[in-house]
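Structure below is start.txt: compact mmCIF, C-alpha atoms and all ligand atoms.
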```txt
# COMPACT_ATOMS: atom_id res chain seq x y z
CA MET A 28 -165.50 222.70 -168.83
CA SER A 29 -166.00 219.05 -169.85
CA GLN A 30 -165.99 217.76 -173.40
CA VAL A 31 -169.31 216.73 -174.97
CA SER A 32 -169.92 213.85 -177.41
CA ILE A 33 -172.68 213.04 -179.86
CA LEU A 34 -173.78 209.57 -178.69
CA GLY A 35 -176.48 208.87 -181.29
CA THR A 36 -178.41 210.30 -184.22
CA GLY A 37 -181.94 209.76 -185.57
CA SER A 38 -184.35 211.19 -188.11
CA CYS A 39 -187.92 210.94 -189.34
CA LEU A 40 -189.38 212.09 -192.67
CA PRO A 41 -193.06 212.02 -193.57
CA GLU A 42 -194.03 209.17 -195.89
CA ARG A 43 -195.83 211.41 -198.42
CA VAL A 44 -193.51 212.20 -201.36
CA VAL A 45 -194.35 215.36 -203.31
CA PRO A 46 -192.56 215.52 -206.70
CA ASN A 47 -191.91 218.73 -208.64
CA SER A 48 -194.70 217.74 -211.04
CA TYR A 49 -197.22 218.51 -208.27
CA PHE A 50 -196.28 222.21 -208.47
CA GLU A 51 -196.55 222.20 -212.26
CA SER A 52 -200.27 221.63 -211.70
CA ILE A 53 -200.80 224.57 -209.30
CA VAL A 54 -198.36 227.35 -210.36
CA GLU A 55 -196.51 228.33 -213.51
CA THR A 56 -193.34 226.34 -213.05
CA SER A 57 -191.59 223.27 -214.40
CA ASP A 58 -189.56 220.36 -213.09
CA GLU A 59 -186.66 221.60 -215.26
CA TRP A 60 -186.71 225.09 -213.66
CA ILE A 61 -186.90 223.77 -210.10
CA VAL A 62 -184.09 221.23 -210.63
CA ALA A 63 -181.85 223.72 -212.47
CA ARG A 64 -182.32 226.62 -210.00
CA THR A 65 -182.51 224.65 -206.70
CA GLY A 66 -181.43 221.02 -207.20
CA ILE A 67 -184.72 219.89 -205.62
CA GLN A 68 -186.49 216.92 -207.26
CA GLU A 69 -189.01 216.06 -204.56
CA ARG A 70 -189.77 216.74 -200.91
CA ARG A 71 -191.72 215.08 -198.09
CA MET A 72 -194.86 216.63 -196.61
CA VAL A 73 -196.99 215.61 -193.64
CA LEU A 74 -200.60 214.54 -193.98
CA PRO A 75 -203.38 216.60 -192.38
CA GLY A 76 -203.41 216.00 -188.64
CA GLN A 77 -199.67 215.30 -188.34
CA ALA A 78 -197.81 217.71 -186.07
CA MET A 79 -194.17 218.57 -185.38
CA SER A 80 -193.94 216.21 -182.40
CA ASP A 81 -195.16 213.32 -184.60
CA LEU A 82 -191.87 213.60 -186.53
CA ALA A 83 -189.69 214.79 -183.63
CA THR A 84 -190.62 211.89 -181.33
CA PRO A 85 -189.60 209.01 -183.66
CA ALA A 86 -186.43 210.91 -184.66
CA ALA A 87 -185.60 211.26 -180.96
CA ALA A 88 -186.40 207.60 -180.24
CA ARG A 89 -184.01 206.50 -183.01
CA ALA A 90 -181.23 208.74 -181.66
CA LEU A 91 -181.78 207.37 -178.12
CA GLU A 92 -181.63 203.81 -179.43
CA MET A 93 -178.33 204.42 -181.26
CA ALA A 94 -176.93 206.15 -178.17
CA GLY A 95 -178.03 203.34 -175.86
CA VAL A 96 -179.65 205.93 -173.61
CA ALA A 97 -183.11 205.47 -172.05
CA ALA A 98 -185.57 208.38 -172.26
CA SER A 99 -185.72 208.36 -168.46
CA GLU A 100 -181.98 209.19 -168.37
CA LEU A 101 -182.46 212.49 -170.26
CA ASP A 102 -181.88 215.66 -168.24
CA LEU A 103 -182.53 218.13 -171.05
CA ILE A 104 -184.61 218.27 -174.24
CA VAL A 105 -184.14 221.15 -176.68
CA VAL A 106 -186.17 221.31 -179.89
CA GLY A 107 -185.07 223.77 -182.57
CA THR A 108 -188.24 224.64 -184.48
CA SER A 109 -190.39 227.56 -185.57
CA THR A 110 -193.37 225.30 -186.36
CA ALA A 111 -194.19 223.67 -183.02
CA ASP A 112 -197.44 221.71 -182.57
CA MET A 113 -199.07 224.70 -180.84
CA LEU A 114 -198.13 228.26 -179.91
CA SER A 115 -197.89 226.93 -176.37
CA PRO A 116 -196.61 224.70 -174.83
CA SER A 117 -193.31 224.04 -176.53
CA CYS A 118 -192.83 221.09 -178.88
CA ALA A 119 -190.08 219.94 -176.51
CA CYS A 120 -192.63 219.40 -173.71
CA ILE A 121 -194.83 217.30 -176.03
CA VAL A 122 -191.77 215.24 -177.06
CA GLN A 123 -190.89 214.81 -173.38
CA HIS A 124 -194.40 213.51 -172.71
CA ASN A 125 -194.33 211.18 -175.74
CA LEU A 126 -190.95 209.71 -174.76
CA GLY A 127 -191.76 209.45 -171.07
CA ALA A 128 -188.66 211.49 -170.25
CA LYS A 129 -189.96 212.49 -166.84
CA GLY A 130 -187.65 214.82 -164.97
CA ALA A 131 -185.98 216.34 -168.03
CA VAL A 132 -186.03 220.10 -168.61
CA ALA A 133 -187.68 220.80 -171.99
CA PHE A 134 -187.92 223.92 -174.13
CA ASP A 135 -187.84 225.07 -177.77
CA VAL A 136 -185.34 227.32 -179.51
CA ASN A 137 -186.82 229.38 -182.35
CA ALA A 138 -183.95 230.36 -184.63
CA ALA A 139 -185.51 229.36 -187.99
CA CYS A 140 -183.26 227.20 -190.20
CA PRO A 141 -180.25 227.23 -187.81
CA GLY A 142 -182.55 226.14 -184.93
CA PHE A 143 -180.73 222.82 -184.62
CA ILE A 144 -177.26 224.43 -184.44
CA PHE A 145 -178.56 227.01 -181.92
CA GLY A 146 -180.17 224.21 -179.86
CA LEU A 147 -176.98 222.12 -180.04
CA SER A 148 -174.98 225.09 -178.81
CA VAL A 149 -177.30 225.71 -175.84
CA ALA A 150 -177.42 222.02 -174.83
CA MET A 151 -173.67 221.58 -175.23
CA ARG A 152 -173.01 224.38 -172.76
CA PHE A 153 -175.35 222.91 -170.13
CA LEU A 154 -173.45 219.62 -170.41
CA ALA A 155 -169.99 221.18 -170.59
CA ASP A 156 -170.49 223.07 -167.31
CA GLY A 157 -171.87 219.96 -165.61
CA THR A 158 -175.43 221.24 -165.10
CA TYR A 159 -176.88 218.25 -166.97
CA GLY A 160 -175.61 214.81 -167.98
CA ARG A 161 -177.65 213.65 -171.00
CA ALA A 162 -179.36 215.88 -173.56
CA LEU A 163 -181.59 215.38 -176.57
CA VAL A 164 -181.43 218.01 -179.32
CA VAL A 165 -184.01 217.91 -182.11
CA GLY A 166 -184.20 220.06 -185.24
CA GLY A 167 -187.55 219.83 -186.96
CA GLU A 168 -189.96 221.74 -189.12
CA ILE A 169 -193.30 221.38 -190.83
CA VAL A 170 -192.85 224.12 -193.41
CA SER A 171 -195.53 222.74 -195.76
CA GLN A 172 -198.21 224.36 -193.56
CA ARG A 173 -196.54 227.82 -193.83
CA ILE A 174 -196.20 227.92 -197.61
CA ASP A 175 -198.04 230.19 -200.05
CA TYR A 176 -199.12 227.68 -202.69
CA GLN A 177 -199.78 230.61 -205.07
CA ASP A 178 -196.18 231.92 -204.86
CA ARG A 179 -194.03 229.88 -207.24
CA ALA A 180 -190.82 231.48 -205.91
CA THR A 181 -191.27 229.93 -202.44
CA CYS A 182 -193.72 227.02 -202.61
CA VAL A 183 -191.33 224.74 -204.49
CA LEU A 184 -188.49 225.09 -201.99
CA PHE A 185 -189.58 223.53 -198.72
CA GLY A 186 -190.35 220.19 -197.10
CA ASP A 187 -191.02 218.67 -193.68
CA GLY A 188 -188.81 216.52 -191.43
CA ALA A 189 -187.05 216.09 -188.11
CA GLY A 190 -183.63 214.95 -186.97
CA ALA A 191 -182.13 214.45 -183.53
CA VAL A 192 -178.92 213.83 -181.61
CA VAL A 193 -178.29 212.59 -178.08
CA LEU A 194 -175.42 214.28 -176.25
CA GLY A 195 -173.43 213.10 -173.26
CA PRO A 196 -170.11 213.76 -171.55
CA ARG A 197 -167.08 212.42 -173.42
CA GLU A 198 -166.06 209.45 -171.33
CA ASN A 199 -163.10 208.01 -173.25
CA PRO A 200 -160.75 209.01 -176.09
CA SER A 201 -162.52 206.71 -178.59
CA GLN A 202 -165.57 208.99 -178.41
CA GLY A 203 -165.85 212.10 -180.52
CA GLN A 204 -166.38 215.61 -179.21
CA ILE A 205 -168.07 218.82 -180.20
CA LEU A 206 -165.19 221.20 -180.85
CA SER A 207 -167.15 224.46 -181.09
CA THR A 208 -170.34 226.17 -182.21
CA HIS A 209 -170.62 229.71 -183.58
CA LEU A 210 -173.90 231.65 -183.66
CA HIS A 211 -174.88 234.96 -185.30
CA SER A 212 -177.99 237.09 -185.82
CA ASP A 213 -178.85 240.28 -187.68
CA GLY A 214 -182.39 241.42 -186.87
CA ASP A 215 -182.03 244.45 -189.18
CA LEU A 216 -182.70 242.10 -192.11
CA TRP A 217 -185.81 240.33 -190.76
CA GLU A 218 -188.07 241.63 -193.54
CA LEU A 219 -186.19 239.70 -196.22
CA LEU A 220 -187.61 236.39 -194.92
CA TYR A 221 -190.54 236.11 -192.55
CA VAL A 222 -194.03 234.82 -191.79
CA PRO A 223 -196.07 237.95 -190.96
CA GLY A 224 -199.27 236.49 -189.52
CA GLY A 225 -200.20 234.15 -186.70
CA GLY A 226 -198.17 235.84 -183.96
CA SER A 227 -199.05 238.82 -181.74
CA ARG A 228 -198.58 241.49 -184.42
CA ILE A 229 -201.15 239.98 -186.79
CA PRO A 230 -203.05 237.41 -184.73
CA PRO A 231 -204.88 234.55 -186.46
CA SER A 232 -208.12 235.73 -188.12
CA HIS A 233 -210.15 235.14 -191.25
CA GLU A 234 -208.60 238.31 -192.70
CA MET A 235 -205.10 237.00 -191.98
CA VAL A 236 -205.87 233.84 -193.93
CA ASP A 237 -207.66 235.66 -196.78
CA LYS A 238 -204.70 238.02 -197.23
CA ARG A 239 -202.28 235.05 -197.18
CA LEU A 240 -200.29 236.45 -194.25
CA GLY A 241 -199.66 233.21 -192.38
CA VAL A 242 -197.12 232.03 -194.94
CA VAL A 243 -193.45 232.53 -195.85
CA LYS A 244 -192.59 235.85 -197.56
CA MET A 245 -189.13 235.94 -199.05
CA GLN A 246 -186.89 238.05 -201.25
CA GLY A 247 -185.10 235.05 -202.71
CA GLN A 248 -182.16 236.70 -204.45
CA GLU A 249 -181.30 238.84 -201.42
CA VAL A 250 -181.52 235.78 -199.15
CA PHE A 251 -179.32 233.86 -201.59
CA LYS A 252 -176.56 236.49 -201.52
CA HIS A 253 -176.54 236.87 -197.73
CA ALA A 254 -176.72 233.08 -197.28
CA VAL A 255 -173.65 232.32 -199.40
CA ARG A 256 -171.54 234.91 -197.58
CA ALA A 257 -172.74 234.13 -194.05
CA LEU A 258 -172.56 230.35 -194.46
CA SER A 259 -169.00 230.58 -195.78
CA GLU A 260 -167.88 232.95 -193.00
CA ALA A 261 -169.44 230.83 -190.25
CA ALA A 262 -167.76 227.68 -191.55
CA LEU A 263 -164.37 229.40 -191.77
CA GLU A 264 -164.86 230.81 -188.28
CA ALA A 265 -165.29 227.28 -186.90
CA LEU A 266 -162.18 225.98 -188.68
CA GLU A 267 -160.02 228.95 -187.68
CA HIS A 268 -161.22 228.81 -184.07
CA ASN A 269 -159.93 225.25 -183.83
CA GLY A 270 -156.74 225.75 -185.85
CA LEU A 271 -157.99 223.38 -188.56
CA THR A 272 -158.23 223.70 -192.34
CA SER A 273 -160.99 222.73 -194.76
CA GLY A 274 -158.68 220.03 -196.13
CA GLN A 275 -159.00 218.19 -192.81
CA VAL A 276 -162.81 218.02 -192.97
CA ASP A 277 -164.09 214.48 -193.62
CA CYS A 278 -167.71 215.45 -194.21
CA PHE A 279 -169.24 218.87 -194.81
CA ILE A 280 -172.96 219.06 -194.00
CA PRO A 281 -174.18 222.45 -195.25
CA HIS A 282 -177.69 223.76 -194.76
CA GLN A 283 -179.75 222.05 -197.46
CA ALA A 284 -181.64 225.03 -198.95
CA ASN A 285 -180.52 225.13 -202.54
CA LEU A 286 -177.86 223.07 -204.32
CA ARG A 287 -176.42 226.23 -205.89
CA ILE A 288 -175.91 227.80 -202.44
CA MET A 289 -174.30 224.59 -201.16
CA GLU A 290 -171.92 224.34 -204.12
CA ALA A 291 -170.99 228.04 -203.94
CA VAL A 292 -170.16 227.69 -200.23
CA ALA A 293 -168.16 224.47 -200.75
CA LYS A 294 -166.19 226.21 -203.51
CA ARG A 295 -165.40 229.19 -201.26
CA LEU A 296 -164.23 226.78 -198.55
CA ASP A 297 -162.26 224.70 -201.07
CA ILE A 298 -164.08 221.52 -200.01
CA PRO A 299 -164.49 218.96 -202.84
CA LEU A 300 -168.11 218.10 -203.67
CA ASP A 301 -167.62 214.42 -202.85
CA LYS A 302 -167.19 215.45 -199.21
CA VAL A 303 -170.45 217.44 -199.23
CA MET A 304 -173.47 215.61 -197.80
CA LYS A 305 -176.58 216.24 -199.93
CA THR A 306 -180.24 215.52 -199.19
CA VAL A 307 -181.78 218.65 -200.75
CA HIS A 308 -182.68 216.78 -203.97
CA LYS A 309 -185.04 214.43 -202.11
CA TYR A 310 -186.20 216.45 -199.09
CA GLY A 311 -186.04 220.12 -200.23
CA ASN A 312 -185.34 222.72 -197.55
CA THR A 313 -186.59 221.30 -194.25
CA SER A 314 -185.32 224.35 -192.33
CA ALA A 315 -184.16 223.35 -188.81
CA ALA A 316 -184.24 219.67 -189.80
CA THR A 317 -181.73 219.82 -192.67
CA ILE A 318 -178.54 219.34 -190.61
CA PRO A 319 -179.65 216.60 -188.17
CA VAL A 320 -181.45 214.66 -190.93
CA ALA A 321 -178.38 214.80 -193.22
CA LEU A 322 -176.10 213.91 -190.30
CA ASP A 323 -178.23 210.89 -189.40
CA GLU A 324 -178.24 209.68 -193.00
CA ALA A 325 -174.48 210.19 -193.28
CA VAL A 326 -173.91 208.17 -190.10
CA ARG A 327 -176.28 205.34 -191.05
CA GLU A 328 -174.83 205.14 -194.59
CA GLY A 329 -171.30 204.96 -193.16
CA ARG A 330 -170.27 208.26 -194.75
CA VAL A 331 -169.54 209.62 -191.28
CA LYS A 332 -167.64 207.25 -188.99
CA ARG A 333 -166.49 207.58 -185.39
CA GLY A 334 -163.60 210.05 -185.22
CA ASP A 335 -164.46 211.82 -188.50
CA LEU A 336 -164.28 215.61 -188.56
CA VAL A 337 -167.70 217.01 -189.48
CA LEU A 338 -168.44 220.64 -190.33
CA CYS A 339 -172.03 221.97 -190.39
CA ASN A 340 -173.49 225.40 -191.07
CA SER A 341 -176.93 226.96 -191.45
CA PHE A 342 -178.65 230.22 -192.34
CA GLY A 343 -182.24 231.43 -192.09
CA ALA A 344 -184.88 233.92 -191.06
CA GLY A 345 -183.89 236.61 -188.60
CA PHE A 346 -181.37 236.58 -190.16
CA THR A 347 -179.73 233.91 -188.04
CA TRP A 348 -176.74 231.79 -188.99
CA GLY A 349 -174.08 229.63 -187.45
CA SER A 350 -171.78 226.64 -187.62
CA ALA A 351 -170.73 223.60 -185.62
CA LEU A 352 -167.53 221.58 -185.87
CA PHE A 353 -167.23 218.18 -184.21
CA ARG A 354 -165.48 214.84 -184.24
CA PHE A 355 -168.27 212.28 -184.44
N1 LIG B 401 -190.67 228.37 -211.52
C1 LIG B 401 -190.42 229.12 -212.61
N2 LIG B 401 -189.96 230.38 -212.55
C2 LIG B 401 -189.74 230.89 -211.33
C3 LIG B 401 -189.98 230.16 -210.13
C4 LIG B 401 -190.46 228.84 -210.28
N3 LIG B 401 -190.73 228.06 -209.21
N4 LIG B 401 -189.66 230.95 -209.07
C5 LIG B 401 -189.25 232.11 -209.56
N5 LIG B 401 -189.29 232.09 -210.92
C6 LIG B 401 -188.97 233.13 -211.85
C7 LIG B 401 -189.08 234.52 -211.27
O1 LIG B 401 -190.41 234.96 -211.28
C8 LIG B 401 -188.21 235.29 -212.22
O2 LIG B 401 -188.96 235.58 -213.36
P1 LIG B 401 -188.82 237.02 -214.08
O3 LIG B 401 -187.39 237.08 -214.51
O4 LIG B 401 -189.81 236.92 -215.18
O5 LIG B 401 -189.16 238.03 -213.03
C9 LIG B 401 -187.11 234.30 -212.60
O6 LIG B 401 -187.62 233.01 -212.25
C10 LIG B 401 -185.82 234.51 -211.87
O7 LIG B 401 -186.12 234.71 -210.48
P2 LIG B 401 -185.00 234.78 -209.44
O8 LIG B 401 -185.58 235.07 -208.09
O9 LIG B 401 -183.91 235.67 -209.93
O10 LIG B 401 -184.48 233.27 -209.48
P3 LIG B 401 -183.25 232.68 -208.77
O11 LIG B 401 -182.38 232.05 -209.74
O12 LIG B 401 -182.65 233.65 -207.79
O13 LIG B 401 -183.89 231.50 -207.92
C11 LIG B 401 -184.63 231.05 -205.70
C12 LIG B 401 -184.91 231.79 -206.98
C13 LIG B 401 -184.56 229.57 -206.01
C14 LIG B 401 -185.74 231.34 -204.71
C15 LIG B 401 -183.27 231.51 -205.13
O14 LIG B 401 -183.22 232.90 -205.07
C16 LIG B 401 -182.99 230.95 -203.78
O15 LIG B 401 -182.86 229.78 -203.60
N6 LIG B 401 -182.84 231.83 -202.76
C17 LIG B 401 -182.57 231.38 -201.41
C18 LIG B 401 -183.87 231.17 -200.78
C19 LIG B 401 -183.88 230.15 -199.69
O16 LIG B 401 -183.30 229.11 -199.79
N7 LIG B 401 -184.63 230.47 -198.67
C20 LIG B 401 -184.91 229.55 -197.62
C21 LIG B 401 -184.69 230.08 -196.27
S1 LIG B 401 -183.11 230.74 -196.07
C22 LIG B 401 -182.19 229.48 -196.37
O17 LIG B 401 -182.60 228.37 -196.03
C23 LIG B 401 -180.89 229.71 -196.96
```
I need this file expressed as structure tokens, please.
Amino acid sequence: MSQVSILGTGSCLPERVVPNSYFESIVETSDEWIVARTGIQERRMVLPGQAMSDLATPAAARALEMAGVAASELDLIVVGTSTADMLSPSCACIVQHNLGAKGAVAFDVNAACPGFIFGLSVAMRFLADGTYGRALVVGGEIVSQRIDYQDRATCVLFGDGAGAVVLGPRENPSQGQILSTHLHSDGDLWELLYVPGGGSRIPPSHEMVDKRLGVVKMQGQEVFKHAVRALSEAALEALEHNGLTSGQVDCFIPHQANLRIMEAVAKRLDIPLDKVMKTVHKYGNTSAATIPVALDEAVREGRVKRGDLVLCNSFGAGFTWGSALFRF
């Protein structure tokens, strides 16, 4: 098996900024409560008419530019999302069309929040066994269209965004490498976090909309407890698998769902907070986009440099969770 490097990163956030004060006007909440319980101050949301590929495509283009790879050189496009432009075809095929990446194989991975880590894991294996040479992995979500704006416990949490990486074979020792990815699922717990309507069980209908079934339903406290445990275990699994310790991590990029979850996980891992990358205060929980967006910002701000050891983890609906450890 060959080693695989991250050649470039990119991201794209919608321009529309939605501060906590917006929710004060539609549900019984306050900026103080949202900041204290989640760490979120504002989030970005798309405008009507904007679709997942409208964020995924610029994020991908930026990652290709940093990597110095032309879209025509891509062999594989994987988009981790559960909010694709349409039920069919995949968002990855629309991104392929937008980029002009003719000849690439394109498909989506629906693994909720860890969709990017699941997509990274799939793409990495295709490159490691030599099937493909250059891959684009996107994590993106437009959660603002799946939110119940009457449910104060969920509507304040989410935002929209997309991030991307370009992968290629590690060609010299100065390049980093993906050390390992670790994926998990527990379908027994699906009812703790789900969107009931819009699929084949409750197809789209006026009744589905009237009963507010096409939106996120969540038992927040239960999700919180499972998330802290699973995120910590997945991160430790990655470190132990590679014979490394948390003290060797240069940058920890946890799933950006809630600052309290992130801090609890960092504490369990004994990683100081100044090594924890945070975007949740300005973007909220962008689901599959949180890791690649935070990674791109860390790289462009110089917080993550070539050779740095980066640890990522994520947790979401399914339940699904996982981790990735790499030298950038
Ligand atoms: N404003 C004001 N009060 C609120 C709000 C709000 N926006 N939301 C809930 N409350 C109230 C509740 O109604 C409850 O009131 P009550 O005591 O009168 O019944 C009180 O606050 C406490 O509710 P809890 O659910 O116990 O609040 P908690 O501190 O657990 O915070 C939260 C809720 C933020 C949802 C938290 O449980 C959480 O973040 N869970 C993880 C959810 C998550 O991130 N899911 C995303 C997908 S999975 C993932 O990405 C990890």
Checklist entry - So what do you get for CA of Gly157 (chain A) versus CA of Leu336 (chain A), distance-wise? => result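 We find that CA of Gly157 (chain A) and CA of Leu336 (chain A) lie 24.6 Å from each other.
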Checklist entry - Would you name the residues within 8 Å of ligand LIG 401 (chain B), counting only C-alpha atoms and all ligand atoms, and put them as number ranges by chain? => result A: 54-57, 60-61, 64-65, 140, 178-185, 220, 245-252, 254, 282-285, 287-288, 312, 314, 341-344
Checklist entry - Quick one: distance from CA of Ala111 (chain A) to CA of Gly167 (chain A) in Å, one decimal? => result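 It comes out at 8.6 Å.
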Checklist entry - Within 12 Å of (-168.5, 221.9, -190.0), in the coordinates the file gives, what residues turn up when you count all atoms listed in the file, written out as an MDAnalysis selection string? => result chainID A and resid 144 205:209 258:269 271:282 292:293 296 298 302:304 318 322 335:341 349:355
Could you save those same residues with C-alpha atoms as a PDB file, keeping the file's coordinate frame?
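Heads up, here's the output in again-v5.pdb:
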```
ATOM      1  CA  ILE A 144    -177.260 224.430-184.440  1.00  0.00           C
ATOM      2  CA  ILE A 205    -168.070 218.820-180.200  1.00  0.00           C
ATOM      3  CA  LEU A 206    -165.190 221.200-180.850  1.00  0.00           C
ATOM      4  CA  SER A 207    -167.150 224.460-181.090  1.00  0.00           C
ATOM      5  CA  THR A 208    -170.340 226.170-182.210  1.00  0.00           C
ATOM      6  CA  HIS A 209    -170.620 229.710-183.580  1.00  0.00           C
ATOM      7  CA  LEU A 258    -172.560 230.350-194.460  1.00  0.00           C
ATOM      8  CA  SER A 259    -169.000 230.580-195.780  1.00  0.00           C
ATOM      9  CA  GLU A 260    -167.880 232.950-193.000  1.00  0.00           C
ATOM     10  CA  ALA A 261    -169.440 230.830-190.250  1.00  0.00           C
ATOM     11  CA  ALA A 262    -167.760 227.680-191.550  1.00  0.00           C
ATOM     12  CA  LEU A 263    -164.370 229.400-191.770  1.00  0.00           C
ATOM     13  CA  GLU A 264    -164.860 230.810-188.280  1.00  0.00           C
ATOM     14  CA  ALA A 265    -165.290 227.280-186.900  1.00  0.00           C
ATOM     15  CA  LEU A 266    -162.180 225.980-188.680  1.00  0.00           C
ATOM     16  CA  GLU A 267    -160.020 228.950-187.680  1.00  0.00           C
ATOM     17  CA  HIS A 268    -161.220 228.810-184.070  1.00  0.00           C
ATOM     18  CA  ASN A 269    -159.930 225.250-183.830  1.00  0.00           C
ATOM     19  CA  LEU A 271    -157.990 223.380-188.560  1.00  0.00           C
ATOM     20  CA  THR A 272    -158.230 223.700-192.340  1.00  0.00           C
ATOM     21  CA  SER A 273    -160.990 222.730-194.760  1.00  0.00           C
ATOM     22  CA  GLY A 274    -158.680 220.030-196.130  1.00  0.00           C
ATOM     23  CA  GLN A 275    -159.000 218.190-192.810  1.00  0.00           C
ATOM     24  CA  VAL A 276    -162.810 218.020-192.970  1.00  0.00           C
ATOM     25  CA  ASP A 277    -164.090 214.480-193.620  1.00  0.00           C
ATOM     26  CA  CYS A 278    -167.710 215.450-194.210  1.00  0.00           C
ATOM     27  CA  PHE A 279    -169.240 218.870-194.810  1.00  0.00           C
ATOM     28  CA  ILE A 280    -172.960 219.060-194.000  1.00  0.00           C
ATOM     29  CA  PRO A 281    -174.180 222.450-195.250  1.00  0.00           C
ATOM     30  CA  HIS A 282    -177.690 223.760-194.760  1.00  0.00           C
ATOM     31  CA  VAL A 292    -170.160 227.690-200.230  1.00  0.00           C
ATOM     32  CA  ALA A 293    -168.160 224.470-200.750  1.00  0.00           C
ATOM     33  CA  LEU A 296    -164.230 226.780-198.550  1.00  0.00           C
ATOM     34  CA  ILE A 298    -164.080 221.520-200.010  1.00  0.00           C
ATOM     35  CA  LYS A 302    -167.190 215.450-199.210  1.00  0.00           C
ATOM     36  CA  VAL A 303    -170.450 217.440-199.230  1.00  0.00           C
ATOM     37  CA  MET A 304    -173.470 215.610-197.800  1.00  0.00           C
ATOM     38  CA  ILE A 318    -178.540 219.340-190.610  1.00  0.00           C
ATOM     39  CA  LEU A 322    -176.100 213.910-190.300  1.00  0.00           C
ATOM     40  CA  ASP A 335    -164.460 211.820-188.500  1.00  0.00           C
ATOM     41  CA  LEU A 336    -164.280 215.610-188.560  1.00  0.00           C
ATOM     42  CA  VAL A 337    -167.700 217.010-189.480  1.00  0.00           C
ATOM     43  CA  LEU A 338    -168.440 220.640-190.330  1.00  0.00           C
ATOM     44  CA  CYS A 339    -172.030 221.970-190.390  1.00  0.00           C
ATOM     45  CA  ASN A 340    -173.490 225.400-191.070  1.00  0.00           C
ATOM     46  CA  SER A 341    -176.930 226.960-191.450  1.00  0.00           C
ATOM     47  CA  GLY A 349    -174.080 229.630-187.450  1.00  0.00           C
ATOM     48  CA  SER A 350    -171.780 226.640-187.620  1.00  0.00           C
ATOM     49  CA  ALA A 351    -170.730 223.600-185.620  1.00  0.00           C
ATOM     50  CA  LEU A 352    -167.530 221.580-185.870  1.00  0.00           C
ATOM     51  CA  PHE A 353    -167.230 218.180-184.210  1.00  0.00           C
ATOM     52  CA  ARG A 354    -165.480 214.840-184.240  1.00  0.00           C
ATOM     53  CA  PHE A 355    -168.270 212.280-184.440  1.00  0.00           C
TER      54      PHE A 355
END
```
Next on the checklist: Residues near Pro196 (chain A), anyone? I mean within 12 Å using all atoms listed in the file, not counting same-chain ones fewer than 6 positions away, as number ranges by chain.
Outcome noted: A: 28-34, 150-162, 202-205
Checklist entry - With only C-alpha atoms as the basis for distance, which of A:Leu240, A:Cys39, A:Phe134, A:Ala63 is at the shortest distance from Ser115 (chain A)? => result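 Using only C-alpha atoms, the shortest distance to Ser115 (chain A) belongs to A:Phe134.
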Next on the checklist: So the first atom is CA of Lys309 (chain A) and the second is CA of Met289 (chain A); what is the distance between them in Å, to one decimal place?
Outcome noted: 14.8 Å
Next on the checklist: Here is a test: counting only C-alpha atoms, which residue of A:Leu147, A:Arg71, A:Gly345, A:Leu101 is nearest to Glu218 (chain A)?
Outcome noted: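 Ranked by minimum distance to Glu218 (chain A), first place goes to A:Gly345.
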Checklist entry - Of the candidates A:Val242, A:Ala78, A:Ala291, A:Leu219, which shows the shortest atom-to-atom distance to Asp112 (chain A), using all atoms listed in the file? => result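 Checking each candidate against Asp112 (chain A), we get A:Ala78 as the closest.
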Checklist entry - So which one's closest to Val45 (chain A), A:Met235, A:Met72, A:Ala90, A:Leu216? Using only C-alpha atoms, please. => result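 Using only C-alpha atoms, Val45 (chain A) sits closest to A:Met72.
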